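**Q** Handing over protein-v8.cif, mmCIF, C-alpha atoms and all ligand atoms.
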data_work
loop_
_atom_site.label_atom_id
_atom_site.label_comp_id
_atom_site.auth_asym_id
_atom_site.auth_seq_id
_atom_site.Cartn_x
_atom_site.Cartn_y
_atom_site.Cartn_z
CA MET A 1 -11.97 22.28 25.39
CA VAL A 2 -14.77 21.41 22.95
CA ASP A 3 -18.41 20.37 23.07
CA THR A 4 -18.06 16.58 23.17
CA ASN A 5 -18.42 13.68 25.57
CA ASP A 6 -16.89 10.33 26.35
CA GLU A 7 -19.89 8.39 25.03
CA TRP A 8 -19.69 10.03 21.57
CA ILE A 9 -15.94 9.54 21.28
CA THR A 10 -15.97 5.94 22.46
CA SER A 11 -18.93 4.78 20.38
CA ARG A 12 -17.85 6.57 17.17
CA THR A 13 -14.10 5.87 17.34
CA GLY A 14 -13.14 3.41 20.11
CA ILE A 15 -10.68 5.94 21.56
CA LYS A 16 -10.29 6.33 25.36
CA GLU A 17 -6.88 7.99 25.77
CA ARG A 18 -4.28 9.84 23.71
CA ARG A 19 -0.63 10.67 24.36
CA ILE A 20 0.77 14.19 23.92
CA LEU A 21 4.50 14.94 23.69
CA LYS A 22 5.24 17.84 25.99
CA GLY A 23 8.18 20.23 26.23
CA GLU A 24 9.77 23.04 24.25
CA ASN A 25 11.27 22.17 20.85
CA GLN A 26 10.32 18.51 21.13
CA GLY A 27 9.51 17.19 17.67
CA THR A 28 8.74 13.83 16.10
CA SER A 29 12.46 12.93 16.13
CA VAL A 30 12.25 12.66 19.92
CA ILE A 31 9.56 9.97 19.58
CA GLY A 32 11.44 8.26 16.74
CA ALA A 33 14.81 8.32 18.51
CA GLY A 34 13.23 6.89 21.66
CA ALA A 35 11.79 4.00 19.66
CA VAL A 36 15.06 3.37 17.80
CA LYS A 37 17.13 3.38 21.00
CA GLY A 38 14.81 0.76 22.50
CA LEU A 39 15.00 -1.28 19.31
CA LEU A 40 18.82 -1.21 19.24
CA GLU A 41 18.91 -2.30 22.86
CA ASN A 42 16.35 -5.11 22.41
CA THR A 43 18.11 -6.50 19.35
CA GLY A 44 21.66 -5.98 20.65
CA THR A 45 22.47 -3.88 17.59
CA ASP A 46 25.31 -1.35 17.42
CA ALA A 47 24.01 1.95 16.01
CA ARG A 48 27.14 2.19 13.83
CA ASP A 49 26.04 -0.97 11.95
CA ILE A 50 22.79 0.58 10.71
CA ASP A 51 22.86 1.13 6.93
CA LEU A 52 19.65 3.06 6.46
CA ILE A 53 16.90 4.72 8.52
CA ILE A 54 13.57 5.54 6.88
CA CYS A 55 11.10 7.61 8.88
CA ALA A 56 7.44 7.74 7.89
CA THR A 57 5.87 10.93 9.23
CA VAL A 58 3.65 13.87 8.28
CA THR A 59 4.86 15.91 11.23
CA PRO A 60 8.60 16.29 10.56
CA ASP A 61 10.54 18.36 13.12
CA MET A 62 11.18 20.87 10.33
CA VAL A 63 10.38 21.09 6.62
CA PHE A 64 14.01 20.07 6.20
CA PRO A 65 16.28 18.36 7.05
CA ALA A 66 14.52 15.01 7.14
CA THR A 67 13.44 13.78 10.57
CA ALA A 68 15.22 10.50 9.80
CA ASN A 69 18.48 12.50 9.61
CA LEU A 70 17.81 13.92 13.07
CA ILE A 71 16.93 10.49 14.48
CA ALA A 72 20.14 9.00 13.04
CA ASP A 73 22.13 11.76 14.76
CA LYS A 74 20.31 11.30 18.08
CA VAL A 75 20.96 7.54 18.18
CA GLY A 76 24.53 7.65 16.84
CA ALA A 77 23.81 5.90 13.53
CA ILE A 78 26.81 7.64 12.00
CA ASN A 79 27.26 5.22 9.08
CA SER A 80 23.66 5.28 7.86
CA PHE A 81 21.91 7.36 5.26
CA SER A 82 18.36 8.35 5.99
CA PHE A 83 15.24 9.88 4.54
CA ASP A 84 11.57 10.53 5.27
CA ILE A 85 8.42 9.19 3.64
CA SER A 86 5.39 11.45 3.71
CA ASP A 87 2.37 9.29 3.05
CA ALA A 88 0.29 9.91 6.13
CA CYS A 89 -1.30 6.83 7.67
CA SER A 90 0.11 4.51 4.97
CA GLY A 91 3.65 5.85 5.41
CA PHE A 92 4.86 2.94 7.53
CA LEU A 93 3.68 0.41 4.92
CA TYR A 94 5.34 2.34 2.12
CA ALA A 95 8.60 2.62 4.11
CA LEU A 96 8.51 -1.08 5.02
CA SER A 97 8.13 -2.01 1.36
CA ILE A 98 11.00 0.25 0.28
CA GLY A 99 13.27 -1.00 3.06
CA SER A 100 12.59 -4.64 2.24
CA GLN A 101 13.66 -4.06 -1.38
CA PHE A 102 17.12 -2.93 -0.24
CA ILE A 103 17.40 -6.09 1.90
CA GLU A 104 16.16 -8.40 -0.87
CA THR A 105 18.67 -7.05 -3.41
CA GLY A 106 21.44 -7.74 -0.89
CA LYS A 107 22.55 -4.12 -0.96
CA TYR A 108 22.11 -3.49 2.79
CA LYS A 109 22.04 -5.64 5.93
CA LYS A 110 20.41 -3.52 8.65
CA ILE A 111 17.58 -1.11 7.94
CA ILE A 112 15.42 0.62 10.51
CA ILE A 113 11.89 1.68 9.63
CA VAL A 114 10.34 4.28 11.92
CA GLY A 115 6.70 5.33 11.91
CA ALA A 116 6.10 8.34 14.16
CA ASP A 117 3.96 11.43 14.37
CA LYS A 118 3.53 14.29 16.78
CA MET A 119 -0.03 14.98 15.66
CA SER A 120 -0.56 17.41 18.55
CA ALA A 121 1.63 19.84 16.58
CA ILE A 122 -0.96 20.07 13.78
CA VAL A 123 -4.22 19.42 15.61
CA ASP A 124 -6.67 22.26 16.16
CA TYR A 125 -7.88 21.80 19.74
CA THR A 126 -10.93 23.92 18.98
CA ASP A 127 -12.08 21.48 16.25
CA ARG A 128 -14.01 18.64 17.90
CA SER A 129 -14.09 16.57 14.72
CA THR A 130 -10.30 16.08 14.70
CA CYS A 131 -8.94 16.87 18.17
CA ILE A 132 -10.57 13.85 19.77
CA ILE A 133 -8.99 11.49 17.26
CA PHE A 134 -5.29 12.22 16.91
CA GLY A 135 -2.47 11.53 19.37
CA ASP A 136 1.33 11.42 19.42
CA GLY A 137 3.29 8.20 19.16
CA GLY A 138 5.56 6.01 17.12
CA GLY A 139 7.56 2.83 16.85
CA ALA A 140 10.39 1.22 14.91
CA VAL A 141 11.35 -2.12 13.41
CA LEU A 142 14.64 -3.61 12.22
CA LEU A 143 14.89 -5.36 8.84
CA GLU A 144 17.69 -7.90 8.29
CA PRO A 145 18.42 -10.57 5.65
CA THR A 146 17.50 -14.21 6.22
CA THR A 147 17.75 -17.42 4.20
CA GLU A 148 14.53 -18.68 5.80
CA GLU A 149 11.07 -18.14 4.27
CA LEU A 150 10.33 -15.22 6.61
CA GLY A 151 9.82 -11.48 6.42
CA ILE A 152 7.95 -9.38 3.93
CA MET A 153 6.31 -11.68 1.40
CA ASP A 154 4.14 -9.25 -0.57
CA SER A 155 2.73 -5.75 -0.65
CA ILE A 156 -0.04 -3.93 -2.51
CA LEU A 157 0.19 -0.15 -2.33
CA HIS A 158 -2.10 2.51 -3.77
CA ALA A 159 -2.36 6.29 -3.96
CA ASP A 160 -4.99 8.67 -5.31
CA GLY A 161 -4.17 12.37 -5.01
CA SER A 162 -7.72 13.37 -5.88
CA GLY A 163 -8.49 12.54 -2.25
CA ALA A 164 -6.40 15.49 -1.02
CA PRO A 165 -9.35 17.87 -0.47
CA TYR A 166 -10.76 15.57 2.21
CA LEU A 167 -7.65 15.24 4.39
CA HIS A 168 -4.82 17.74 4.27
CA MET A 169 -3.10 20.71 5.87
CA LYS A 170 -3.90 23.83 3.88
CA ALA A 171 -0.88 26.04 4.60
CA GLY A 172 2.80 25.79 5.50
CA GLY A 173 3.85 24.10 2.26
CA SER A 174 5.17 25.74 -0.91
CA ALA A 175 1.67 26.40 -2.29
CA ARG A 176 0.63 28.44 0.73
CA PRO A 177 3.64 29.47 2.79
CA ALA A 178 2.99 30.78 6.29
CA THR A 179 1.63 34.33 6.46
CA ILE A 180 -0.30 36.26 9.08
CA GLU A 181 -3.42 35.49 7.01
CA THR A 182 -2.86 31.72 6.95
CA LEU A 183 -2.18 31.72 10.68
CA THR A 184 -5.28 33.77 11.44
CA ALA A 185 -7.38 31.46 9.26
CA ARG A 186 -6.05 28.46 11.26
CA GLU A 187 -4.74 26.83 8.10
CA HIS A 188 -1.73 25.20 9.77
CA TYR A 189 -3.84 22.46 11.28
CA ALA A 190 -4.94 19.09 9.89
CA PHE A 191 -8.26 19.37 8.08
CA GLN A 192 -10.44 16.29 7.66
CA GLU A 193 -13.86 15.74 6.15
CA GLY A 194 -14.38 12.75 8.42
CA SER A 195 -17.42 11.05 6.95
CA THR A 196 -15.99 11.11 3.38
CA VAL A 197 -12.65 9.73 4.52
CA PHE A 198 -14.51 7.13 6.54
CA LYS A 199 -16.37 5.83 3.47
CA PHE A 200 -13.20 5.54 1.38
CA ALA A 201 -11.29 3.98 4.29
CA VAL A 202 -13.88 1.29 4.99
CA THR A 203 -14.09 0.26 1.34
CA ASN A 204 -10.44 0.41 0.39
CA MET A 205 -8.76 -0.97 3.50
CA ALA A 206 -11.07 -3.98 3.48
CA GLU A 207 -10.71 -4.52 -0.26
CA VAL A 208 -6.91 -4.37 -0.37
CA SER A 209 -6.61 -6.68 2.65
CA ALA A 210 -8.93 -9.27 1.07
CA ARG A 211 -7.01 -8.94 -2.20
CA ILE A 212 -3.57 -9.58 -0.67
CA MET A 213 -4.99 -12.70 1.00
CA ALA A 214 -6.39 -13.99 -2.31
CA LYS A 215 -3.16 -13.15 -4.16
CA ASN A 216 -1.15 -15.21 -1.66
CA ASN A 217 -3.69 -18.06 -1.37
CA LEU A 218 -4.33 -17.28 2.29
CA THR A 219 -7.61 -18.26 3.91
CA ALA A 220 -8.85 -16.59 7.09
CA ALA A 221 -7.56 -19.64 9.01
CA ASP A 222 -4.06 -19.05 7.62
CA VAL A 223 -3.96 -15.48 8.91
CA ASP A 224 -2.59 -15.28 12.46
CA TRP A 225 -2.87 -11.51 12.88
CA LEU A 226 -4.39 -8.49 11.23
CA VAL A 227 -2.49 -5.29 12.07
CA PRO A 228 -4.83 -2.49 10.98
CA HIS A 229 -4.20 1.24 10.99
CA GLN A 230 -5.85 2.55 14.15
CA ALA A 231 -8.06 5.37 12.82
CA ASN A 232 -11.47 4.18 13.89
CA LYS A 233 -12.60 0.91 15.44
CA ARG A 234 -15.52 0.74 13.01
CA ILE A 235 -13.08 0.76 10.04
CA ILE A 236 -11.00 -1.96 11.72
CA ASP A 237 -14.09 -4.13 12.32
CA ALA A 238 -15.19 -3.75 8.69
CA THR A 239 -11.75 -4.82 7.46
CA ALA A 240 -11.64 -7.86 9.75
CA ASN A 241 -15.18 -8.86 8.68
CA ARG A 242 -14.31 -8.65 5.00
CA MET A 243 -11.25 -10.85 5.61
CA GLY A 244 -13.30 -13.27 7.70
CA VAL A 245 -10.84 -12.84 10.58
CA GLY A 246 -12.17 -13.00 14.16
CA PRO A 247 -11.53 -10.26 16.74
CA GLU A 248 -9.06 -12.50 18.61
CA LYS A 249 -6.66 -12.09 15.67
CA VAL A 250 -6.99 -8.32 15.34
CA MET A 251 -4.40 -6.04 16.96
CA LEU A 252 -6.22 -3.21 18.65
CA ASN A 253 -4.79 -0.43 20.80
CA ILE A 254 -6.70 2.61 19.51
CA GLU A 255 -8.23 3.03 22.96
CA LYS A 256 -4.76 3.83 24.40
CA TYR A 257 -3.23 6.09 21.76
CA GLY A 258 -5.93 7.30 19.36
CA ASN A 259 -4.80 7.80 15.77
CA THR A 260 -1.04 8.39 15.68
CA THR A 261 -0.97 8.45 11.84
CA ALA A 262 2.34 6.77 10.77
CA GLY A 263 2.83 5.50 14.32
CA THR A 264 -0.16 3.16 14.62
CA LEU A 265 1.23 0.03 12.94
CA PRO A 266 4.62 -0.18 14.73
CA LEU A 267 2.85 0.69 18.00
CA CYS A 268 0.59 -2.34 17.47
CA LEU A 269 3.59 -4.58 16.80
CA TRP A 270 5.22 -3.24 19.96
CA ASP A 271 2.17 -3.89 22.13
CA TYR A 272 1.58 -7.40 20.76
CA GLU A 273 5.22 -8.47 20.28
CA SER A 274 5.18 -10.95 23.19
CA GLN A 275 2.26 -12.83 21.55
CA LEU A 276 3.91 -13.18 18.13
CA LYS A 277 5.60 -16.39 17.04
CA LYS A 278 8.15 -17.10 14.34
CA GLY A 279 6.37 -17.81 11.06
CA ASP A 280 3.07 -16.12 12.02
CA ASN A 281 1.21 -14.89 8.95
CA ILE A 282 0.53 -11.20 9.49
CA ILE A 283 -1.43 -8.80 7.31
CA LEU A 284 -0.83 -5.09 7.87
CA ALA A 285 -3.33 -2.66 6.37
CA ALA A 286 -3.72 1.10 6.27
CA PHE A 287 -5.68 3.92 4.71
CA GLY A 288 -5.06 7.64 5.05
CA GLY A 289 -4.29 11.06 3.67
CA GLY A 290 -3.47 11.32 -0.02
CA PHE A 291 -5.47 9.21 -0.34
CA THR A 292 -2.96 6.45 0.24
CA TRP A 293 -3.70 2.86 1.19
CA GLY A 294 -2.29 -0.60 1.05
CA SER A 295 -1.57 -3.92 2.61
CA VAL A 296 1.61 -5.85 3.44
CA TYR A 297 1.82 -9.59 4.03
CA LEU A 298 4.69 -10.72 6.23
CA LYS A 299 5.86 -13.78 8.10
CA TRP A 300 7.07 -12.84 11.58
CA GLY A 301 10.80 -13.44 12.01
CA TYR A 302 11.35 -14.62 15.59
CA ASP A 303 9.79 -16.16 18.71
CA PRO A 304 9.07 -14.03 21.78
CA LYS A 305 12.03 -13.55 24.08
O1 LIG B 1 -6.19 8.12 9.73
C1 LIG B 1 -6.47 8.87 8.59
C2 LIG B 1 -7.76 8.48 7.99
N1 LIG B 1 -8.84 8.94 8.81
C3 LIG B 1 -9.85 8.17 9.05
O2 LIG B 1 -9.88 7.04 8.65
C4 LIG B 1 -10.98 8.77 9.84
C5 LIG B 1 -12.29 8.49 9.17
N2 LIG B 1 -13.39 9.15 9.76
C6 LIG B 1 -13.89 8.86 11.00
O3 LIG B 1 -13.32 8.08 11.73
C7 LIG B 1 -15.20 9.47 11.40
O4 LIG B 1 -15.76 10.10 10.27
C8 LIG B 1 -15.10 10.50 12.56
C9 LIG B 1 -14.78 9.78 13.86
C10 LIG B 1 -14.05 11.53 12.27
C11 LIG B 1 -16.47 11.18 12.73
O5 LIG B 1 -17.47 10.20 12.93
P1 LIG B 1 -18.80 10.21 12.05
O6 LIG B 1 -19.63 9.15 12.55
O7 LIG B 1 -18.40 10.15 10.59
O8 LIG B 1 -19.43 11.61 12.39
P2 LIG B 1 -19.78 12.83 11.43
O9 LIG B 1 -18.54 13.57 11.04
O10 LIG B 1 -20.69 12.37 10.35
O11 LIG B 1 -20.61 13.76 12.44
C12 LIG B 1 -21.84 13.31 13.00
C13 LIG B 1 -22.30 14.34 14.02
C14 LIG B 1 -22.28 15.76 13.51
O12 LIG B 1 -23.39 16.43 14.08
P3 LIG B 1 -24.73 16.64 13.25
O13 LIG B 1 -24.34 17.42 12.03
O14 LIG B 1 -25.23 15.27 12.91
O15 LIG B 1 -25.60 17.39 14.21
C15 LIG B 1 -21.01 16.35 14.09
O16 LIG B 1 -21.08 17.73 14.25
O17 LIG B 1 -21.43 14.31 15.16
C16 LIG B 1 -20.95 15.66 15.43
N3 LIG B 1 -19.61 15.57 16.00
C17 LIG B 1 -19.39 15.43 17.32
N4 LIG B 1 -20.22 15.37 18.38
C18 LIG B 1 -19.66 15.20 19.60
C19 LIG B 1 -18.42 15.59 15.35
N5 LIG B 1 -17.42 15.46 16.23
C20 LIG B 1 -17.98 15.36 17.46
C21 LIG B 1 -17.46 15.21 18.77
N6 LIG B 1 -18.33 15.12 19.79
N7 LIG B 1 -16.13 15.11 19.01
#
Translate this structure into structure tokens?
Ligand code: UT7
**A**
Amino acid sequence: MVDTNDEWITSRTGIKERRILKGENQGTSVIGAGAVKGLLENTGTDARDIDLIICATVTPDMVFPATANLIADKVGAINSFSFDISDACSGFLYALSIGSQFIETGKYKKIIIVGADKMSAIVDYTDRSTCIIFGDGGGAVLLEPTTEELGIMDSILHADGSGAPYLHMKAGGSARPATIETLTAREHYAFQEGSTVFKFAVTNMAEVSARIMAKNNLTAADVDWLVPHQANKRIIDATANRMGVGPEKVMLNIEKYGNTTAGTLPLCLWDYESQLKKGDNIILAAFGGGFTWGSVYLKWGYDPK
């Protein structure tokens, strides 16, 4: 499709494969609903007991209604309310932090956080600087109350809208609704100034991850896992180095899925779930469009089945 090669892609990004959702009228809710159905089954949860579904995505099925509404309908979560979070690659962290607040206040008992994106819907497959990076995918987690010292312990979240020029979609929103001109100018695709985003990502993802460790008196030895946003293996390595965490503690699956935006973090948890133990200290970190970035410190809630 474009002038590129496997050596360039692998050495610059770490990506080997990407997943593409096929079929007519198949949006992000299909990915999200698939993840939620698996989650309900694995946890033995009745969909009617779900209080809230939050979906982090930048590729909603439609501008409205929220993709979370569509997911709730698809899985039969008829007693839940639901909404979307649009914060690009940091969306899952933001949604996790919001969901945990509702649990901590005692207001709700079962909250599902989905991170999912059908990036193929907004990727320009004639642009070699973005089309080799992004893929489709997503995952979901269930938040429940506990009296044990487990779950989400802390979060540090940031946003800086002055980063918008470097990573955005130009048209299709209220500022530039779709017209023949915007379509012809290919403005309905994700635009990224890769090297600028790279510089900000390396600095900020590493800094915020080191800061959440210091804030919670965690040494590198205390950290069992780093769960980094899977945008570029070089950014992941820089974050792990700054934290002093060895590669054996870093969740890495970018080679299988590429960058699935809001999907990367729950996809990592899914792939590594069998290796996680109750009480593991886990640092999640992300950087992405906005700019948005942040880190969440959590203690894993259960032993592998
Ligand atoms: O998840 C949201 C946040 N996003 C990120 O964190 C992504 C951050 N950015 C990146 O990961 C990297 O910037 C990219 C992987 C997107 C690009 O890697 P880079 O090392 O920053 O490359 P570059 O954009 O500086 O381009 C270097 C060269 C250019 O050629 P010249 O001008 O040096 O002749 C590009 O035209 O590589 C060229 N190039 C390619 N060559 C082969 C760009 N894309 C490709 C390609 N195949 N696919």
**Q** Using all atoms listed in the file, find each residue in chain A having at least one atom no more than 7 Å away from ligand LIG 1 (chain B); report its shortest atom-to-atom pair and that distance in Å (one decimal), rows by chain then rising number, as a Markdown table.
**A**
| residue | atom | partner | partner_atom | distance |
| --- | --- | --- | --- | --- |
| A:Asp3 | CA | B:LIG1 | N6 | 6.2 |
| A:Thr4 | CA | B:LIG1 | N6 | 3.7 |
| A:Asn5 | CA | B:LIG1 | N6 | 6.0 |
| A:Trp8 | CA | B:LIG1 | C18 | 5.5 |
| A:Ile9 | CA | B:LIG1 | N7 | 6.0 |
| A:Arg12 | CA | B:LIG1 | C9 | 5.5 |
| A:Thr13 | CA | B:LIG1 | C9 | 5.3 |
| A:Cys89 | CA | B:LIG1 | O1 | 5.5 |
| A:Arg128 | CA | B:LIG1 | N7 | 4.3 |
| A:Ser129 | CA | B:LIG1 | N5 | 3.8 |
| A:Thr130 | CA | B:LIG1 | C10 | 6.4 |
| A:Ile132 | CA | B:LIG1 | N7 | 5.8 |
| A:Ile133 | CA | B:LIG1 | C9 | 6.9 |
| A:Gly194 | CA | B:LIG1 | O4 | 3.5 |
| A:Ser195 | CA | B:LIG1 | O4 | 3.8 |
| A:Thr196 | CA | B:LIG1 | O4 | 7.0 |
| A:Val197 | CA | B:LIG1 | C5 | 4.8 |
| A:Phe198 | CA | B:LIG1 | C5 | 3.7 |
| A:Ala201 | CA | B:LIG1 | O2 | 5.5 |
| A:Ala231 | CA | B:LIG1 | O1 | 4.5 |
| A:Asn232 | CA | B:LIG1 | O3 | 4.8 |
| A:Asn259 | CA | B:LIG1 | O1 | 6.2 |
| A:Thr261 | CA | B:LIG1 | O1 | 5.6 |
| A:Phe287 | CA | B:LIG1 | C2 | 6.0 |
| A:Gly288 | CA | B:LIG1 | C1 | 4.0 |
| A:Gly289 | CA | B:LIG1 | C1 | 5.8 |
**Q** Just to confirm, what's the straight-line distance from CA of Asp49 in chain A to CA of Lys109 in chain A in Å (one decimal)?
**A**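 Result for CA of Asp49 in chain A versus CA of Lys109 in chain A: 8.6 Å, one decimal.
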**Q** Can I get the residues of range 143-175 of chain A within 12 Å of range 93-102 of chain A, each with the closest pair of atoms and their distance in Å to one decimal, using only C-alpha atoms, sorted chain first then ascending number, as a tab-separated table?
**A**
residue	atom	partner	partner_atom	distance
A:Leu143	CA	A:Ser100	CA	7.0
A:Glu144	CA	A:Ser100	CA	8.6
A:Pro145	CA	A:Ser100	CA	9.0
A:Thr146	CA	A:Ser100	CA	11.5
A:Leu150	CA	A:Ser100	CA	11.7
A:Gly151	CA	A:Ser100	CA	8.5
A:Ile152	CA	A:Ser100	CA	6.8
A:Met153	CA	A:Ser100	CA	9.5
A:Asp154	CA	A:Ser97	CA	8.5
A:Ser155	CA	A:Ser97	CA	6.9
A:Ile156	CA	A:Ser97	CA	9.2
A:Leu157	CA	A:Tyr94	CA	7.2
A:His158	CA	A:Tyr94	CA	9.5
A:Ala159	CA	A:Tyr94	CA	10.6
**Q** Go through range 56-125 of chain A residue by residue and, counting only C-alpha atoms, keep those with an atom at most 10 Å from range 173-188 of chain A; for each kept residue give the shortest atom pair and its distance in Å to one decimal, ordered by chain and increasing number, as JSON lines.
**A**
{"residue": "A:Val63", "atom": "CA", "partner": "A:Gly173", "partner_atom": "CA", "distance": 8.4}
{"residue": "A:Ala121", "atom": "CA", "partner": "A:His188", "partner_atom": "CA", "distance": 9.3}
{"residue": "A:Ile122", "atom": "CA", "partner": "A:His188", "partner_atom": "CA", "distance": 6.6}
{"residue": "A:Val123", "atom": "CA", "partner": "A:His188", "partner_atom": "CA", "distance": 8.6}
{"residue": "A:Asp124", "atom": "CA", "partner": "A:Arg186", "partner_atom": "CA", "distance": 7.9}
**Q** Output the selection as a short mmCIF file (atom, residue, chain, number, x, y, z; two decimals), keeping the file's coordinate frame - C-alpha atoms for each residue.
**A**
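Listed below is the output, part25.cif:
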data_model
loop_
_atom_site.label_atom_id
_atom_site.label_comp_id
_atom_site.auth_asym_id
_atom_site.auth_seq_id
_atom_site.Cartn_x
_atom_site.Cartn_y
_atom_site.Cartn_z
CA VAL A 63 10.38 21.09 6.62
CA ALA A 121 1.63 19.84 16.58
CA ILE A 122 -0.96 20.07 13.78
CA VAL A 123 -4.22 19.42 15.61
CA ASP A 124 -6.67 22.26 16.16
#
**Q** In the coordinates of the file, take the point (-11.4, -12.8, 16.1) and a cut-off of 12 Å; then, counting all atoms listed in the file, name each qualifying protein, DNA or RNA residue as a list in words.
**A** Ala220, Ala221, Val223, Asp224, Trp225, Leu226, Ile236, Asp237, Thr239, Ala240, Asn241, Met243, Gly244, Val245, Gly246, Pro247, Glu248, Lys249, Val250, Met251 and Leu252 of chain A
**Q** Counting all atoms listed in the file, which residue out of A:Leu218, A:Ala206, A:Met119, A:Cys268 sits closest to Leu21 in chain A?
**A** A:Met119
